[in-house]
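Asker: mmCIF, C-alpha atoms, saved as input_4.cif, coming up:
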```cif
data_entry
loop_
_atom_site.label_atom_id
_atom_site.label_comp_id
_atom_site.auth_asym_id
_atom_site.auth_seq_id
_atom_site.Cartn_x
_atom_site.Cartn_y
_atom_site.Cartn_z
CA MET K 252 18.98 -17.37 -8.11
CA ASP K 253 19.29 -20.99 -6.97
CA LYS K 254 21.77 -20.41 -4.15
CA LEU K 255 21.13 -18.06 -1.27
CA ARG K 256 23.74 -17.21 1.31
CA VAL K 257 23.21 -16.37 4.96
CA ASP K 258 24.27 -12.75 4.43
CA GLN K 259 21.78 -12.35 1.57
CA ILE K 260 18.92 -13.54 3.75
CA LYS K 261 19.99 -11.31 6.63
CA GLY K 262 20.15 -8.39 4.20
CA LEU K 263 16.62 -9.14 3.03
CA LEU K 264 14.98 -9.21 6.48
CA PRO K 265 14.74 -6.29 8.91
CA ASP K 266 16.69 -6.56 12.16
CA LEU K 267 13.77 -7.26 14.52
CA ASP K 268 13.65 -9.26 17.74
CA GLU K 269 10.73 -11.37 16.56
CA LEU K 270 12.78 -12.57 13.59
CA ARG K 271 15.80 -13.58 15.67
CA PRO K 272 14.65 -17.24 16.07
CA LEU K 273 14.24 -17.47 12.30
CA ILE K 274 17.69 -16.01 11.66
CA ASP K 275 19.11 -18.51 14.13
CA ARG K 276 17.34 -21.23 12.17
CA VAL K 277 18.81 -19.87 8.91
CA VAL K 278 22.30 -20.14 10.39
CA GLY K 279 21.58 -23.56 11.87
CA VAL K 280 20.47 -25.16 8.58
CA SER K 281 23.16 -23.47 6.48
CA THR K 282 25.85 -25.56 4.80
CA SER K 283 29.30 -24.81 3.47
CA ASP K 284 29.58 -24.32 -0.28
CA PRO K 285 31.20 -27.47 -1.75
CA GLU K 286 32.19 -25.60 -4.90
CA ARG K 287 34.32 -23.19 -2.86
CA ALA K 288 35.76 -25.73 -0.40
CA TRP K 289 39.17 -25.99 -2.07
CA THR K 290 39.41 -22.48 -3.45
CA ALA K 291 41.15 -19.52 -1.89
CA SER K 292 37.77 -17.85 -1.27
CA GLY K 293 36.52 -21.03 0.39
CA GLU K 294 39.44 -21.01 2.79
CA LEU K 295 38.39 -17.51 3.81
CA GLY K 296 34.70 -18.35 4.13
CA THR K 297 32.69 -17.44 7.22
CA VAL K 298 29.12 -18.13 8.33
CA GLY K 299 27.83 -15.34 6.08
CA GLN K 300 28.91 -17.20 2.94
CA ARG K 301 27.20 -20.47 3.87
CA LEU K 302 24.35 -21.71 1.67
CA VAL K 303 20.70 -21.92 2.66
CA GLN K 304 17.76 -23.56 0.88
CA ALA K 305 14.30 -22.11 1.49
CA ALA K 306 12.86 -25.62 1.43
CA GLY K 307 14.95 -26.53 4.44
CA LEU K 308 13.54 -23.56 6.31
CA GLU K 309 9.96 -24.39 5.38
CA ALA K 310 10.39 -27.99 6.49
CA GLY K 311 11.17 -26.95 10.04
CA LEU K 312 8.96 -23.88 10.20
CA SER K 313 6.10 -25.45 12.16
CA GLN K 314 8.54 -26.80 14.74
CA LEU K 315 10.19 -23.39 15.04
CA VAL K 316 6.82 -21.68 15.50
CA GLU K 317 5.88 -24.23 18.17
CA GLN K 318 9.16 -23.63 20.02
CA VAL K 319 8.56 -19.87 19.98
CA ARG K 320 4.96 -20.42 21.13
CA GLU K 321 6.06 -22.69 23.98
CA HIS K 322 8.65 -20.19 25.12
CA ALA K 323 6.14 -17.33 25.03
CA ALA K 324 3.59 -19.48 26.90
CA LEU K 325 6.11 -20.18 29.66
CA ILE K 326 7.08 -16.51 29.94
CA PHE K 327 3.47 -15.32 30.04
CA GLY K 328 2.56 -18.14 32.40
CA ASN K 329 5.30 -17.10 34.80
CA ALA K 330 4.10 -13.50 34.64
CA VAL K 331 0.56 -14.61 35.60
CA LYS K 332 1.98 -16.77 38.41
CA ALA K 333 3.84 -13.74 39.73
CA ILE K 334 0.68 -11.62 39.59
CA ARG K 335 -1.37 -14.29 41.38
CA ALA K 336 1.32 -14.68 44.04
CA LEU K 337 1.42 -10.94 44.61
CA GLU K 338 -2.37 -10.87 44.89
CA VAL K 339 -2.27 -13.19 47.91
CA GLY K 340 0.77 -11.55 49.47
CA ASP K 341 3.23 -14.29 48.47
CA GLY K 342 6.28 -12.20 47.57
CA ALA K 343 8.57 -15.22 47.54
CA GLY K 344 6.29 -16.98 45.04
CA ALA K 345 6.22 -13.89 42.82
CA ALA K 346 10.03 -13.67 42.89
CA GLU K 347 10.33 -17.37 42.10
CA ALA K 348 8.09 -17.03 39.03
CA LEU K 349 10.07 -14.05 37.73
CA LEU K 350 13.35 -15.89 38.29
CA ALA K 351 12.01 -18.82 36.28
CA SER K 352 11.61 -16.43 33.34
CA ALA K 353 15.10 -15.04 33.93
CA GLU K 354 16.48 -18.58 33.67
CA LEU K 355 14.52 -19.23 30.45
CA GLU K 356 15.78 -16.04 28.84
CA GLU K 357 19.34 -16.69 29.95
CA GLY K 358 19.12 -20.12 28.33
CA LYS K 359 18.16 -18.41 25.06
CA ARG K 360 21.07 -15.95 25.44
CA ARG K 361 18.60 -13.04 25.70
CA LEU K 362 20.70 -11.62 28.45
CA ASP K 363 19.14 -8.15 28.64
CA ARG K 364 15.74 -9.78 29.20
CA ALA K 365 17.15 -12.24 31.72
CA GLU K 366 18.64 -9.32 33.64
CA ALA K 367 15.32 -7.45 33.61
CA TYR K 368 13.43 -10.43 35.06
CA ALA K 369 16.09 -11.05 37.72
CA LEU K 370 16.00 -7.42 38.81
CA ALA K 371 12.19 -7.48 38.89
CA ALA K 372 12.42 -10.54 41.14
CA TYR K 373 14.83 -8.70 43.41
CA ASP K 374 12.51 -5.70 43.64
CA VAL K 375 9.78 -8.03 44.93
CA ALA K 376 12.05 -10.04 47.24
CA ARG K 377 14.08 -7.25 48.83
CA GLY K 378 11.31 -6.40 51.31
CA LEU K 379 10.77 -9.97 52.52
CA ARG K 380 11.82 -11.13 55.98
CA ASP K 381 13.32 -14.27 54.44
CA ARG K 382 16.41 -12.96 52.66
CA ARG K 383 17.05 -16.07 50.56
CA PRO K 384 14.83 -15.05 47.59
CA ALA K 385 16.58 -11.67 47.44
CA VAL K 386 19.99 -13.38 47.51
CA GLN K 387 18.91 -15.73 44.74
CA ALA K 388 17.60 -12.88 42.58
CA LEU K 389 20.75 -10.79 43.02
CA ARG K 390 22.89 -13.81 42.18
CA ARG K 391 21.02 -14.36 38.94
CA ALA K 392 21.29 -10.67 38.03
CA ALA K 393 24.99 -10.74 38.87
CA ARG K 394 25.68 -13.84 36.79
CA VAL K 395 23.88 -12.38 33.78
CA ALA K 396 25.90 -9.18 34.14
CA LEU K 397 29.07 -11.29 34.15
CA GLU K 398 27.94 -13.06 30.96
CA MET K 399 27.28 -9.66 29.39
CA GLY K 400 30.80 -8.53 30.26
CA ARG K 401 29.53 -5.88 32.67
CA PHE K 402 32.00 -6.72 35.37
CA ASP K 403 31.46 -3.75 37.68
CA ARG K 404 27.75 -4.47 37.75
CA GLY K 405 28.31 -8.17 38.36
CA TRP K 406 30.80 -7.49 41.14
CA SER K 407 28.56 -5.05 43.02
CA ARG K 408 25.60 -7.42 42.83
CA TYR K 409 27.55 -10.46 44.02
CA GLN K 410 28.99 -8.40 46.87
CA ALA K 411 25.55 -7.17 47.94
CA ALA K 412 24.17 -10.71 47.73
CA TYR K 413 27.07 -12.05 49.78
CA ARG K 414 26.44 -9.53 52.55
CA LEU K 415 22.72 -10.35 52.55
CA ALA K 416 23.38 -14.09 52.73
CA ARG K 417 26.08 -13.77 55.41
CA ASP K 418 23.95 -11.54 57.63
CA ALA K 419 20.94 -13.83 57.24
CA GLY K 420 22.91 -16.99 58.05
CA ASP K 421 22.26 -18.37 54.56
CA SER K 422 25.35 -20.57 54.17
CA GLY K 423 24.40 -21.87 50.75
CA GLY K 424 23.83 -18.37 49.42
CA ALA K 425 27.04 -17.11 51.03
CA ALA K 426 29.07 -19.87 49.36
CA ALA K 427 27.47 -19.31 45.96
CA THR K 428 27.94 -15.54 46.05
CA ALA K 429 31.55 -15.94 47.21
CA ILE K 430 32.17 -18.19 44.19
CA GLY K 431 30.43 -15.65 41.97
CA SER K 432 32.60 -12.84 43.34
CA GLY K 433 35.65 -14.97 42.65
CA ASN K 434 34.45 -15.59 39.10
CA VAL K 435 34.13 -11.86 38.40
CA ALA K 436 37.64 -11.27 39.73
CA LEU K 437 38.89 -14.24 37.67
CA TYR K 438 37.49 -12.91 34.41
CA ARG K 439 38.92 -9.47 35.13
CA GLY K 440 42.32 -10.99 35.80
CA HIS K 441 42.43 -10.05 39.49
CA TRP K 442 43.98 -13.39 40.39
CA GLN K 443 44.73 -12.79 44.07
CA THR K 444 41.27 -11.35 44.71
CA ALA K 445 39.67 -14.31 42.96
CA ARG K 446 41.74 -16.70 45.06
CA GLU K 447 40.65 -15.00 48.29
CA TRP K 448 36.96 -15.28 47.39
CA TYR K 449 37.23 -18.94 46.40
CA LEU K 450 38.86 -19.66 49.76
CA LYS K 451 35.99 -17.83 51.46
CA ALA K 452 33.58 -20.18 49.71
CA PHE K 453 35.58 -23.15 51.00
CA ALA K 454 35.30 -21.74 54.52
CA VAL K 455 31.53 -22.15 54.13
CA ILE K 456 31.17 -25.49 52.33
CA GLY K 457 34.35 -27.11 53.68
CA GLU K 458 36.87 -29.26 51.85
CA ASP K 459 35.42 -32.49 53.22
CA GLY K 460 32.00 -34.04 53.14
CA ALA K 461 29.59 -35.43 50.58
CA PRO K 462 30.61 -34.88 46.93
CA ARG K 463 29.17 -31.74 45.40
CA PRO K 464 30.00 -30.02 42.10
CA GLU K 465 31.01 -26.77 43.77
CA ARG K 466 33.92 -28.47 45.49
CA TRP K 467 35.75 -29.70 42.38
CA GLN K 468 34.89 -26.47 40.57
CA LEU K 469 36.47 -24.47 43.38
CA TYR K 470 39.58 -26.64 43.26
CA GLN K 471 39.81 -26.05 39.53
CA ASN K 472 39.32 -22.32 39.90
CA LEU K 473 42.06 -22.18 42.51
CA SER K 474 44.25 -24.04 40.04
CA ILE K 475 43.60 -21.25 37.53
CA THR K 476 44.40 -18.47 39.99
CA ASP K 477 47.62 -20.13 41.20
CA ARG K 478 48.71 -20.85 37.62
CA ARG K 479 48.10 -17.22 36.73
CA LEU K 480 50.02 -16.15 39.82
CA GLY K 481 52.95 -18.27 38.61
CA ASP K 482 52.77 -21.12 41.15
CA LEU K 483 52.49 -24.06 38.75
CA ALA K 484 53.16 -26.67 41.43
CA ALA K 485 50.25 -25.39 43.54
CA SER K 486 48.10 -25.23 40.42
CA ARG K 487 48.75 -28.92 39.74
CA ARG K 488 47.89 -29.84 43.34
CA TRP K 489 44.53 -28.10 43.06
CA LEU K 490 43.79 -29.98 39.83
CA GLU K 491 44.63 -33.28 41.51
CA LYS K 492 42.19 -32.38 44.28
CA ALA K 493 39.56 -31.52 41.68
CA GLU K 494 39.98 -34.94 40.09
CA ALA K 495 39.58 -36.65 43.46
CA ALA K 496 36.49 -34.58 44.37
CA ALA K 497 34.62 -35.02 41.07
CA SER K 498 32.22 -37.87 40.53
CA PRO K 499 33.66 -40.56 38.19
CA GLU K 500 30.37 -40.47 36.27
CA ASP K 501 30.58 -36.73 35.64
CA ALA K 502 31.89 -36.50 32.07
CA GLU K 503 31.69 -32.72 32.05
CA ALA K 504 33.85 -32.54 35.17
CA ALA K 505 36.39 -34.76 33.45
CA ALA K 506 36.37 -32.49 30.40
CA ASP K 507 36.78 -29.31 32.47
CA ILE K 508 39.58 -30.80 34.55
CA ARG K 509 41.49 -32.17 31.54
CA ASN K 510 41.12 -28.73 29.96
CA GLY K 511 42.63 -27.30 33.14
CA TYR K 512 45.58 -29.68 32.85
CA ALA K 513 46.04 -28.62 29.24
CA GLN K 514 46.23 -24.96 30.26
CA LEU K 515 48.75 -25.89 32.96
CA PHE K 516 50.89 -27.78 30.44
CA MET K 517 50.76 -24.81 28.08
CA ALA K 518 51.93 -22.51 30.87
CA SER K 519 54.90 -24.79 31.56
CA GLY K 520 55.79 -25.08 27.85
CA GLU K 521 54.78 -28.75 27.58
CA THR K 522 52.89 -28.39 24.30
CA ALA K 523 52.78 -32.12 23.48
CA ALA K 524 51.25 -32.90 26.87
CA ALA K 525 48.86 -29.98 26.45
CA GLU K 526 47.72 -31.29 23.09
CA GLU K 527 47.04 -34.73 24.54
CA ALA K 528 45.09 -33.22 27.46
CA TYR K 529 43.00 -31.08 25.10
CA ARG K 530 42.14 -34.16 23.05
CA GLN K 531 41.16 -36.07 26.21
CA ALA K 532 38.99 -33.13 27.27
CA LEU K 533 37.39 -33.10 23.84
CA GLU K 534 36.46 -36.78 24.13
CA ALA K 535 34.69 -36.20 27.44
CA ALA K 536 33.03 -32.84 26.66
CA GLN K 537 29.31 -32.82 26.00
CA ARG K 538 28.16 -29.21 26.28
CA PRO K 539 28.54 -27.53 22.86
CA VAL K 540 29.96 -24.36 24.38
CA LEU K 541 32.71 -26.37 26.07
CA VAL K 542 33.42 -28.40 22.93
CA VAL K 543 33.84 -25.21 20.89
CA GLY K 544 36.09 -23.70 23.54
CA ILE K 545 38.33 -26.76 23.72
CA LEU K 546 38.58 -27.00 19.93
CA HIS K 547 39.60 -23.34 19.86
CA SER K 548 42.28 -23.88 22.51
CA LEU K 549 43.55 -27.00 20.76
CA GLY K 550 43.77 -25.02 17.53
CA GLU K 551 45.84 -22.35 19.27
CA CYS K 552 48.10 -25.06 20.71
CA LEU K 553 48.63 -26.55 17.25
CA LEU K 554 49.23 -23.16 15.67
CA GLY K 555 51.85 -22.45 18.32
CA GLN K 556 53.64 -25.60 17.17
CA GLY K 557 53.58 -24.43 13.56
CA ARG K 558 50.95 -27.02 12.57
CA VAL K 559 48.89 -24.50 10.65
CA LEU K 560 46.65 -26.84 8.64
CA GLU K 561 45.74 -28.87 11.73
CA ALA K 562 44.94 -25.65 13.58
CA GLU K 563 42.67 -24.61 10.72
CA GLU K 564 40.92 -27.99 10.84
CA CYS K 565 40.24 -27.52 14.58
CA ALA K 566 38.91 -24.02 14.01
CA ARG K 567 36.59 -25.21 11.22
CA LYS K 568 35.29 -28.01 13.45
CA ALA K 569 34.64 -25.42 16.16
CA GLU K 570 32.79 -23.26 13.64
CA GLU K 571 30.59 -26.15 12.51
CA LYS K 572 29.80 -27.11 16.11
CA ALA K 573 28.94 -23.56 17.07
CA ILE K 574 26.61 -23.18 14.10
CA ALA K 575 24.96 -26.59 14.39
CA CYS K 576 24.39 -26.33 18.16
CA GLY K 577 23.27 -22.71 18.38
CA VAL K 578 26.28 -21.29 20.21
CA VAL K 579 27.05 -18.70 17.56
CA PHE K 580 28.22 -16.31 20.29
CA LYS K 581 31.42 -18.41 20.36
CA LEU K 582 32.22 -17.68 16.69
CA PRO K 583 34.19 -14.42 17.19
CA GLU K 584 36.98 -16.26 19.02
CA VAL K 585 36.93 -18.95 16.33
CA TYR K 586 37.24 -16.31 13.60
CA ARG K 587 40.11 -14.64 15.43
CA LEU K 588 41.94 -17.97 15.29
CA LEU K 589 41.08 -18.42 11.61
CA GLY K 590 42.40 -14.91 10.99
CA GLN K 591 45.74 -15.94 12.48
CA VAL K 592 45.73 -19.13 10.40
CA ALA K 593 44.96 -17.24 7.20
CA ASP K 594 47.73 -14.77 7.96
CA ARG K 595 50.22 -17.58 8.56
CA ARG K 596 49.18 -19.12 5.23
CA GLY K 597 49.86 -15.82 3.46
CA HIS K 598 46.28 -14.87 2.54
CA ASP K 599 46.09 -11.15 1.76
CA ASP K 600 42.41 -11.20 2.78
CA ALA K 601 42.93 -12.62 6.27
CA PHE K 602 41.24 -9.45 7.56
CA VAL K 603 37.82 -10.79 6.51
CA PHE K 604 37.74 -13.03 9.59
CA TYR K 605 38.21 -10.05 11.91
CA GLU K 606 35.57 -8.07 10.03
CA ARG K 607 33.15 -10.97 10.33
CA ALA K 608 33.88 -11.32 14.05
CA LEU K 609 33.15 -7.61 14.54
CA ASP K 610 29.88 -7.95 12.60
CA LEU K 611 28.78 -10.89 14.75
CA ILE K 612 29.64 -9.05 17.96
CA GLN K 613 27.46 -6.13 16.90
CA GLU K 614 24.61 -8.28 15.57
CA ARG K 615 24.45 -10.47 18.67
CA GLY K 616 25.05 -7.74 21.23
CA LEU K 617 28.08 -9.61 22.59
CA PRO K 618 30.22 -8.16 25.39
CA GLU K 619 32.41 -5.17 24.62
CA PHE K 620 35.58 -7.05 25.54
CA GLU K 621 34.90 -9.46 22.64
CA ARG K 622 35.12 -6.43 20.37
CA ALA K 623 38.28 -5.28 22.13
CA GLN K 624 39.96 -8.69 21.70
CA THR K 625 39.05 -8.67 18.01
CA LEU K 626 40.32 -5.12 17.49
CA ASP K 627 43.53 -6.05 19.29
CA ALA K 628 44.12 -9.07 17.04
CA TYR K 629 43.08 -7.09 13.93
CA ALA K 630 45.60 -4.39 14.80
CA ALA K 631 48.37 -6.99 15.09
CA LEU K 632 47.53 -8.19 11.58
CA GLU K 633 47.57 -4.65 10.21
CA LEU K 634 50.91 -3.90 11.82
CA ARG K 635 52.39 -6.96 10.15
CA ARG K 636 50.88 -5.80 6.86
CA GLY K 637 52.37 -2.28 7.14
CA GLU K 638 49.14 -0.42 8.01
CA PRO K 639 50.10 1.46 11.19
CA ALA K 640 47.45 4.21 11.06
CA SER K 641 44.55 1.77 11.03
CA ALA K 642 46.24 -0.45 13.63
CA HIS K 643 46.72 2.54 15.92
CA ALA K 644 43.04 3.49 15.72
CA ARG K 645 41.95 -0.05 16.57
CA LEU K 646 44.35 -0.24 19.51
CA LEU K 647 43.04 3.04 20.89
CA GLU K 648 39.48 1.71 20.83
CA ALA K 649 40.56 -1.59 22.39
CA GLU K 650 42.40 0.31 25.11
CA SER K 651 39.27 2.29 25.95
CA ILE K 652 37.15 -0.87 26.23
CA TYR K 653 39.71 -2.76 28.32
CA ARG K 654 40.02 0.22 30.64
CA ARG K 655 36.24 0.41 31.17
CA ALA K 656 36.08 -3.33 31.83
CA GLY K 657 39.11 -3.35 34.12
CA LYS K 658 40.83 -6.04 32.05
CA GLU K 659 44.33 -5.55 33.40
CA GLU K 660 46.46 -7.98 31.37
CA GLU K 661 44.94 -7.01 28.04
CA LEU K 662 45.05 -3.32 28.92
CA GLY K 663 48.71 -3.55 29.88
CA LYS K 664 49.56 -5.25 26.58
CA VAL K 665 47.67 -2.67 24.52
CA VAL K 666 49.30 0.18 26.44
CA ASP K 667 52.69 -1.32 25.62
CA ASP K 668 51.70 -1.65 21.96
CA LEU K 669 50.53 1.97 21.87
CA ALA K 670 53.77 3.08 23.48
CA ALA K 671 55.51 1.95 20.29
CA PHE K 672 53.53 4.70 18.53
CA GLY K 673 54.53 7.21 21.18
CA THR K 674 51.03 7.24 22.75
CA GLY K 675 49.04 5.42 25.40
CA ASP K 676 48.95 5.38 29.19
CA SER K 677 50.10 2.99 31.85
CA ALA K 678 47.33 0.96 33.45
CA ALA K 679 46.40 -2.27 35.14
CA GLY K 680 43.62 -4.99 35.13
CA GLY K 681 42.82 -8.21 32.86
CA ALA K 682 41.15 -11.53 32.28
CA PRO K 683 41.88 -14.93 30.89
CA GLY K 684 42.85 -14.72 27.25
CA GLU K 685 42.13 -18.43 26.93
CA ASN K 686 39.33 -20.88 27.56
CA ASP K 687 39.73 -21.16 31.33
CA THR K 688 36.48 -22.45 32.78
CA GLY K 689 35.21 -20.72 35.90
CA GLY K 690 33.08 -22.41 38.55
CA ASN K 691 29.30 -22.21 38.58
CA ASP K 692 27.85 -20.12 41.39
CA ASP K 693 24.76 -22.34 41.70
CA THR K 694 24.45 -24.51 44.78
#
```
Spell out the structure here as structure tokens.

Answerer:
Amino acid sequence: MDKLRVDQIKGLLPDLDELRPLIDRVVGVSTSDPERAWTASGELGTVGQRLVQAAGLEAGLSQLVEQVREHAALIFGNAVKAIRALEVGDGAGAAEALLASAELEEGKRRLDRAEAYALAAYDVARGLRDRRPAVQALRRAARVALEMGRFDRGWSRYQAAYRLARDAGDSGGAAATAIGSGNVALYRGHWQTAREWYLKAFAVIGEDGAPRPERWQLYQNLSITDRRLGDLAASRRWLEKAEAAASPEDAEAAADIRNGYAQLFMASGETAAAEEAYRQALEAAQRPVLVVGILHSLGECLLGQGRVLEAEECARKAEEKAIACGVVFKLPEVYRLLGQVADRRGHDDAFVFYERALDLIQERGLPEFERAQTLDAYAALELRRGEPASAHARLLEAESIYRRAGKEEELGKVVDDLAAFGTGDSAAGGAPGENDTGGNDDT
């Protein structure tokens, strides 16, 4: 066999943590099959059908091994630092070393490990007279929980950290944990609650003073909450403030803010202006995760205008970027878009994109709400294809996940969809169904 596909290699190897870096490398060096590019099967291709050459893996093997070794050396080194610090009674130093490992693991998207290190740091720091290390550890644990889609856990940790920081007079920690609390509310769709917490953060850092990233990020987040609350004029004013507060040299700020304008234009039905803003954001964006998100949103904008082939091109660019830059966790949303595109183009096998998204969510341990969003979109496809029984089952599972996560908007929509079958409950809660960018809680 002279051509191996990603799925064949994954089927060959056992699903073990120590092989995850190699599997990531397999995906990273994979290429699309040129022989299938213009065939119907090629149009339905996902990452699993991409080609891999063993020689390409061997060529980068020593570098991969060195990267794994360096990471392990840093993790073990931090553990020894923590032990040494504890030996001399330096609890703050021990917590700092453990948090360094939490940051490393979070950067590798090993979120369960990042959470474990952050909580270990908190266990050490909680008994210290200086409350700042405990606040920092709880913040990290809260942020990881938010990334994992465990919103209740993230909320309770940010709230506890906020109280600690407030009572200790730690203004920086209070501002950061207020932003974090707002972010949790934002992703759950609790727009008014998010707004209140962002304003609390402003009460700490102030709207005037030396430029700092938190200020423009807060303005942008307030733009999101007001847009979601239906006040588009206020949303625009916050974005204008964000532009004024951001450093002219900060390309990522420019990308985030232009993305915010695009979402505002979409909300007001100005699709041409939204498209232009998305393209401007794309020019400025540098972080791969942001590039993929903007490409996805631009694809949705184009699909909404009936420009199906252009939407597909955006989605395929997003797929390539996600694979090449190691942000494969963004692929499920890309495949949901490609599923819509394939359906609009009349492909009977459009379902393969939803199946692949579900596989990736399970393989990568992605948040439950990613599964719920995929099931929701899959059910819509099946309803259009005259498969109500299967669609009903998927909607029931999506409803259960949304309810656990407190995702009000999505839950309300699914409940309405289930009502058409004569089942389902009324409920409330939700989160952005788009690539809104929330503020960072770091100060």

Asker: For this structure, which residues satisfy the selection - the PyMOL selection byres ((chain K and resi 332-344) around 12) - when it is evaluated on the file as given? I want them as number ranges by chain.

Answerer: K: 324-331, 345-352, 368, 371-388

Asker: What is the distance, in Å and to one decimal place, between CA of Ala445 in chain K and CA of Ala493 in chain K?

Answerer: 17.3 Å

Asker: Taking all atoms listed in the file into account, name the residue in K:Leu490, K:Ala656, K:Ala649, K:Ala495 that is nearest to Ala396 in chain K.

Answerer: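 Residue with the minimum atom-to-atom distance to Ala396 in chain K: K:Ala656.
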
Asker: May I ask for the distance between CA of Leu541 in chain K and CA of Asp507 in chain K, given in Å to one decimal place?

Answerer: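 Interatomic distance here is 8.1 Å.
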
Asker: I want to know what sits within 6 Å of Ala429 in chain K, based on only C-alpha atoms, with residues of the same chain fewer than 2 positions away left out; could you give that as an NGL selection string?

Answerer: :K and (426-427 or 431-432 or 448 or 452)

Asker: Quick one, how far is CA of Glu526 in chain K from CA of Leu549 in chain K?

Answerer: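 Interatomic distance here is 6.4 Å.
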
Asker: Return the single residue from K:Leu312, K:Leu415, K:Leu437, K:Ala573 that is closest to Gln471 in chain K, with distances computed using all atoms listed in the file.

Answerer: K:Leu437

Asker: Measuring between all atoms listed in the file, which one of K:Gly358, K:Gly520, K:Gly405, K:Gly597 shows the shortest distance to His322 in chain K?

Answerer: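 Using all atoms listed in the file, His322 in chain K sits closest to K:Gly358.
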
Asker: If the PyMOL selection byres ((chain K and resi 623) around 9) is run on the structure shown, which residues does it catch, given as a PDB file with C-alpha atoms, in the frame of the given file?

Answerer:
```pdb
ATOM      1  CA  GLU K 619      32.410  -5.170  24.620  1.00  0.00           C
ATOM      2  CA  PHE K 620      35.580  -7.050  25.540  1.00  0.00           C
ATOM      3  CA  GLU K 621      34.900  -9.460  22.640  1.00  0.00           C
ATOM      4  CA  ARG K 622      35.120  -6.430  20.370  1.00  0.00           C
ATOM      5  CA  GLN K 624      39.960  -8.690  21.700  1.00  0.00           C
ATOM      6  CA  THR K 625      39.050  -8.670  18.010  1.00  0.00           C
ATOM      7  CA  LEU K 626      40.320  -5.120  17.490  1.00  0.00           C
ATOM      8  CA  ASP K 627      43.530  -6.050  19.290  1.00  0.00           C
ATOM      9  CA  ALA K 628      44.120  -9.070  17.040  1.00  0.00           C
ATOM     10  CA  ARG K 645      41.950  -0.050  16.570  1.00  0.00           C
ATOM     11  CA  LEU K 646      44.350  -0.240  19.510  1.00  0.00           C
ATOM     12  CA  GLU K 648      39.480   1.710  20.830  1.00  0.00           C
ATOM     13  CA  ALA K 649      40.560  -1.590  22.390  1.00  0.00           C
ATOM     14  CA  GLU K 650      42.400   0.310  25.110  1.00  0.00           C
ATOM     15  CA  SER K 651      39.270   2.290  25.950  1.00  0.00           C
ATOM     16  CA  ILE K 652      37.150  -0.870  26.230  1.00  0.00           C
ATOM     17  CA  TYR K 653      39.710  -2.760  28.320  1.00  0.00           C
TER      18      TYR K 653
END
```

Asker: Within 9 Å of His643 in chain K, counting all atoms listed in the file, which residues qualify if same-chain residues fewer than 6 places away don't, as a list of chain:residue names?

Answerer: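 Here the answer would be K:Ala630, K:Leu634, K:Asp668, K:Leu669, K:Phe672.
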
Asker: Using only the atoms of range 264-271 of chain K listed in the file, plus 8 Å on each side, state the axis-aligned box centre and edge lengths in Å rounded to one decimal, as lines of an AutoDock Vina configuration file.

Answerer:
```
center_x = 13.7
center_y = -9.9
center_z = 12.1
size_x = 22.0
size_y = 23.3
size_z = 27.3
```

Asker: Tell me, as a list in words, which residues lie within 7 Å of range 297-307 of chain K, counting all atoms listed in the file; anything in the same chain fewer than 6 positions away does not count.

Answerer: Lys254, Leu255, Arg256, Val257, Asp258, Val277, Val280, Ser281, Thr282, Ser283 and Asp284 of chain K

Asker: So that I have them on file, write out the residues from the current selection with C-alpha atoms, as a PDB file, in the frame of the given file.

Answerer:
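To be explicit, this is the file written out as result04.pdb:
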```
ATOM      1  CA  LYS K 254      21.770 -20.410  -4.150  1.00  0.00           C
ATOM      2  CA  LEU K 255      21.130 -18.060  -1.270  1.00  0.00           C
ATOM      3  CA  ARG K 256      23.740 -17.210   1.310  1.00  0.00           C
ATOM      4  CA  VAL K 257      23.210 -16.370   4.960  1.00  0.00           C
ATOM      5  CA  ASP K 258      24.270 -12.750   4.430  1.00  0.00           C
ATOM      6  CA  VAL K 277      18.810 -19.870   8.910  1.00  0.00           C
ATOM      7  CA  VAL K 280      20.470 -25.160   8.580  1.00  0.00           C
ATOM      8  CA  SER K 281      23.160 -23.470   6.480  1.00  0.00           C
ATOM      9  CA  THR K 282      25.850 -25.560   4.800  1.00  0.00           C
ATOM     10  CA  SER K 283      29.300 -24.810   3.470  1.00  0.00           C
ATOM     11  CA  ASP K 284      29.580 -24.320  -0.280  1.00  0.00           C
TER      12      ASP K 284
END
```

Asker: Considering all atoms listed in the file, can you say which of K:Gly511, K:Gly481, K:Pro464, K:Gly637 comes closest to Ala496 in chain K?

Answerer: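 Among the listed residues, the smallest separation from Ala496 in chain K belongs to K:Pro464.
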
Asker: Convert the output of the PyMOL selection byres ((chain K and resi 271) around 12) on the shown file into explicit residues, formatted as a PyMOL selection string.

Answerer: chain K and resi 261+264-270+272-278+315+319+359-361+614-615

Asker: Can I get the selected residues back with C-alpha atoms, as a compact mmCIF listing (two decimals), keeping the file's coordinate frame?

Answerer:
```
# COMPACT_ATOMS: atom_id res chain seq x y z
CA LYS K 261 19.99 -11.31 6.63
CA LEU K 264 14.98 -9.21 6.48
CA PRO K 265 14.74 -6.29 8.91
CA ASP K 266 16.69 -6.56 12.16
CA LEU K 267 13.77 -7.26 14.52
CA ASP K 268 13.65 -9.26 17.74
CA GLU K 269 10.73 -11.37 16.56
CA LEU K 270 12.78 -12.57 13.59
CA PRO K 272 14.65 -17.24 16.07
CA LEU K 273 14.24 -17.47 12.30
CA ILE K 274 17.69 -16.01 11.66
CA ASP K 275 19.11 -18.51 14.13
CA ARG K 276 17.34 -21.23 12.17
CA VAL K 277 18.81 -19.87 8.91
CA VAL K 278 22.30 -20.14 10.39
CA LEU K 315 10.19 -23.39 15.04
CA VAL K 319 8.56 -19.87 19.98
CA LYS K 359 18.16 -18.41 25.06
CA ARG K 360 21.07 -15.95 25.44
CA ARG K 361 18.60 -13.04 25.70
CA GLU K 614 24.61 -8.28 15.57
CA ARG K 615 24.45 -10.47 18.67
```
